[in-house]
Amino acid sequence: MAERMNRHDEFFKYAFGRPETARDFLSNYLPAEVTALLDLATVALAPGSFVDAQLRAHFSDLLYKVKLRDGRDAYVYMLFEHKSYPEPRIAFQLLKYMVRIWERAIKNKLALAPIVPIVVYHGAERWGIGRNFQALLDLPLEMASYVPEYRYWLYDLSAYTDDEIRGEVLSRAALLLLKYIFSDDLLERAPGILALLRDLARSQSGLEDIEAFLRYLATGSGKMTEADLKRTIEAAFPEGGDEIMMTVYDKWVQKGRQEGRQEGRQEGRQEGRQEGRQEGRQEGLLEGIELALDIKFGAEGLRLFPEIREIKDIGKLKAVQRALKAARTPAEIRGVYQGAAG
């Protein structure tokens, strides 16, 4: 099974990968002298990621193309750090990624355009490192003109009070959830954050946004049990909370199954074998089961997953999947597949 996308990466790109949310964020948090130069109405997401593959568990990135007021091109590059502590050499990493953006422009025979680098950080530890490249070097003054120098803009969520987090509903709620996802106050803060989305529940696209928030809330912190999630939804959505809970749960399971089937079809085409399609069905079920174990029982439930992963019979996996909706303890789930195995 392909490795599941990092939960922080998935949520960050869902929330800020849309131009309207990007415009809202940039208009509220970039320095005024920079936003004065940008025509934010032209912001568009550019394809690709520039982060090293081995660092994607800790960093996500988004590149936006934007016009300057005078019509020339520019970029805003947003690097999201989802570790709980600051990366001391992030200015070096950013420089590498900006060079890759310029290299792509050269390859495509485009003019080099200015890049505004932004670091978004939501760890518990305050950011106390230098925000320019030369701060990394013990540099004699006489050599400064021979060494690259630039400054990045830092958005450290821990430095903002809730009232200071501005923006439209979606971007504000996303930033608040990112702020508290590692916090001991998450259970207390979550209902108020979700309540900001209450009006969105009236539309299909709004329900998709709520689903994305709940998925991150359930899996991003490792602290949220099924009972916690249910209480949070009921507090945030006094009307229709149970319906939202069941709809979202079913979608998560179904999403896992669909992703697995797609994987299986690709493997089947590549290998020309029926096994690819069968494996895809199995992996889709396992994806949904793993997520449900995590949501309902946390670490205790996930301890069952290595055993469940050994089950090859699709019928037995479906029995486990059905049992997860009503099971009250991990032991009940173990009884289902051990009984089926017997």
# chains A, B, ... in the order shown; residues from 1 in each chain; ligands from 1
>>> residues_around(residues="A:Asp228", least_positions_apart="2", cutoff="10 Å", atoms="only C-alpha atoms", output="ChimeraX atom specification")
/A:187,190,218,223-226,230-234,295-296
>>> select_by_dssp(residues="stretch 3-249 of chain A", states="helix (DSSP H, G or I)", output="NGL selection string")
:A and (7-16 or 19-29 or 32-35 or 53-55 or 90-107 or 133-136 or 141-146 or 157-159 or 162-164 or 169-180 or 186-195 or 198-202 or 204-219 or 226-236 or 241-249)
>>> atom_distance(atom1="atom CA of A:Lys179", atom2="atom CA of A:Tyr216")
12.5 Å
>>> residues_around(residues="A:Phe213", least_positions_apart="4", cutoff="10 Å", atoms="only C-alpha atoms", output="PyMOL selection string")
chain A and resi 11+14-15+170+173-174+177+193-194+197+207-209+217-218+220
>>> closest_residue(among="A:Arg166, A:Ala195, A:Ala327, A:Val43", to="A:Ala235", atoms="only C-alpha atoms")
A:Ala195
>>> atom_distance(atom1="atom CA of A:Pro306", atom2="atom CA of A:Leu286")
10.4 Å
>>> closest_residue(among="A:His122, A:Leu112, A:Glu81, A:Trp127", to="A:Leu176", atoms="only C-alpha atoms")
A:His122
>>> residues_around(residues="stretch 312-321 of chain A", least_positions_apart="2", cutoff="8 Å", atoms="only C-alpha atoms", output="list in words")
Arg281, Gln282, Leu285, Leu286, Gly288, Ile289, Ile308, Arg309, Glu310, Ala323, Leu324, Lys325, Ile333, Val336, Tyr337, Ala340 and Ala341 of chain A
>>> closest_residue(among="A:Phe12, A:Phe59, A:Phe25, A:Phe305", to="A:Ile165", atoms="only C-alpha atoms")
A:Phe25
>>> closest_residue(among="A:Asp138, A:Glu332, A:Glu239, A:Glu290", to="A:Asp199", atoms="only C-alpha atoms")
A:Glu239
>>> atom_distance(atom1="atom CA of A:Glu188", atom2="atom CA of A:Arg56")
29.8 Å
>>> closest_residue(among="A:Tyr152, A:Tyr160, A:Tyr180, A:Gly167", to="A:Ala124", atoms="only C-alpha atoms")
A:Tyr180
>>> closest_atom_pairs(of="stretch 95-157 of chain A", to="stretch 66-69 of chain A", cutoff="12 Å", atoms="only C-alpha atoms", output="CSV")
residue,atom,partner,partner_atom,distance
A:Ala113,CA,A:Lys67,CA,10.1
A:Pro114,CA,A:Leu68,CA,9.9
A:Ile115,CA,A:Val66,CA,9.9
A:Val116,CA,A:Val66,CA,10.5
>>> write_last_selection(atoms="N, CA and C atoms", output="PDB file, in the first residue's frame")
ATOM      1  N   ALA A 113      11.916  35.375 -12.008  1.00  0.00           N
ATOM      2  CA  ALA A 113      10.977  36.286 -11.342  1.00  0.00           C
ATOM      3  C   ALA A 113      11.270  36.294  -9.841  1.00  0.00           C
ATOM      4  N   PRO A 114      10.981  37.400  -9.171  1.00  0.00           N
ATOM      5  CA  PRO A 114      11.212  37.450  -7.720  1.00  0.00           C
ATOM      6  C   PRO A 114      10.313  36.470  -6.969  1.00  0.00           C
ATOM      7  N   ILE A 115      10.829  35.942  -5.864  1.00  0.00           N
ATOM      8  CA  ILE A 115      10.095  35.001  -5.021  1.00  0.00           C
ATOM      9  C   ILE A 115      10.016  35.576  -3.610  1.00  0.00           C
ATOM     10  N   VAL A 116       8.802  35.646  -3.071  1.00  0.00           N
ATOM     11  CA  VAL A 116       8.612  36.035  -1.667  1.00  0.00           C
ATOM     12  C   VAL A 116       8.486  34.749  -0.851  1.00  0.00           C
TER      13      VAL A 116
END
>>> decode(residues="stretch 116-133 of chain A", atoms="N, CA and C atoms", output="mmCIF file, in the first residue's frame")
data_model
loop_
_atom_site.group_PDB
_atom_site.id
_atom_site.type_symbol
_atom_site.label_atom_id
_atom_site.label_comp_id
_atom_site.auth_asym_id
_atom_site.auth_seq_id
_atom_site.Cartn_x
_atom_site.Cartn_y
_atom_site.Cartn_z
ATOM 1 N N VAL A 116 8.802 35.646 -3.071
ATOM 2 C CA VAL A 116 8.612 36.035 -1.667
ATOM 3 C C VAL A 116 8.486 34.749 -0.851
ATOM 4 N N PRO A 117 9.473 34.416 -0.006
ATOM 5 C CA PRO A 117 9.397 33.185 0.777
ATOM 6 C C PRO A 117 8.697 33.407 2.119
ATOM 7 N N ILE A 118 7.780 32.499 2.449
ATOM 8 C CA ILE A 118 7.038 32.553 3.716
ATOM 9 C C ILE A 118 7.205 31.215 4.425
ATOM 10 N N VAL A 119 7.474 31.263 5.719
ATOM 11 C CA VAL A 119 7.482 30.058 6.543
ATOM 12 C C VAL A 119 6.272 30.109 7.465
ATOM 13 N N VAL A 120 5.444 29.076 7.403
ATOM 14 C CA VAL A 120 4.295 28.939 8.311
ATOM 15 C C VAL A 120 4.650 27.865 9.329
ATOM 16 N N TYR A 121 4.580 28.219 10.603
ATOM 17 C CA TYR A 121 5.026 27.322 11.669
ATOM 18 C C TYR A 121 3.944 27.227 12.734
ATOM 19 N N HIS A 122 3.666 25.984 13.219
ATOM 20 C CA HIS A 122 2.626 25.832 14.232
ATOM 21 C C HIS A 122 3.074 24.951 15.389
ATOM 22 N N GLY A 123 4.364 24.892 15.640
ATOM 23 C CA GLY A 123 4.873 24.118 16.765
ATOM 24 C C GLY A 123 4.637 24.814 18.093
ATOM 25 N N ALA A 124 4.806 24.068 19.171
ATOM 26 C CA ALA A 124 4.581 24.617 20.507
ATOM 27 C C ALA A 124 5.722 25.532 20.937
ATOM 28 N N GLU A 125 6.937 25.237 20.485
ATOM 29 C CA GLU A 125 8.106 26.029 20.870
ATOM 30 C C GLU A 125 8.192 27.290 20.020
ATOM 31 N N ARG A 126 8.401 28.436 20.671
ATOM 32 C CA ARG A 126 8.487 29.696 19.930
ATOM 33 C C ARG A 126 9.686 29.692 18.978
ATOM 34 N N TRP A 127 9.527 30.393 17.874
ATOM 35 C CA TRP A 127 10.568 30.504 16.855
ATOM 36 C C TRP A 127 11.599 31.523 17.330
ATOM 37 N N GLY A 128 12.821 31.061 17.597
ATOM 38 C CA GLY A 128 13.837 31.976 18.108
ATOM 39 C C GLY A 128 15.086 32.016 17.262
ATOM 40 N N ILE A 129 15.001 31.606 16.004
ATOM 41 C CA ILE A 129 16.188 31.572 15.148
ATOM 42 C C ILE A 129 16.140 32.713 14.139
ATOM 43 N N GLY A 130 17.297 33.023 13.574
ATOM 44 C CA GLY A 130 17.384 34.119 12.624
ATOM 45 C C GLY A 130 16.524 33.899 11.397
ATOM 46 N N ARG A 131 16.047 34.989 10.821
ATOM 47 C CA ARG A 131 15.134 34.902 9.682
ATOM 48 C C ARG A 131 15.805 35.316 8.370
ATOM 49 N N ASN A 132 17.119 35.335 8.353
ATOM 50 C CA ASN A 132 17.830 35.628 7.117
ATOM 51 C C ASN A 132 18.923 34.593 6.929
ATOM 52 N N PHE A 133 19.389 34.438 5.695
ATOM 53 C CA PHE A 133 20.317 33.354 5.383
ATOM 54 C C PHE A 133 21.667 33.540 6.062
#
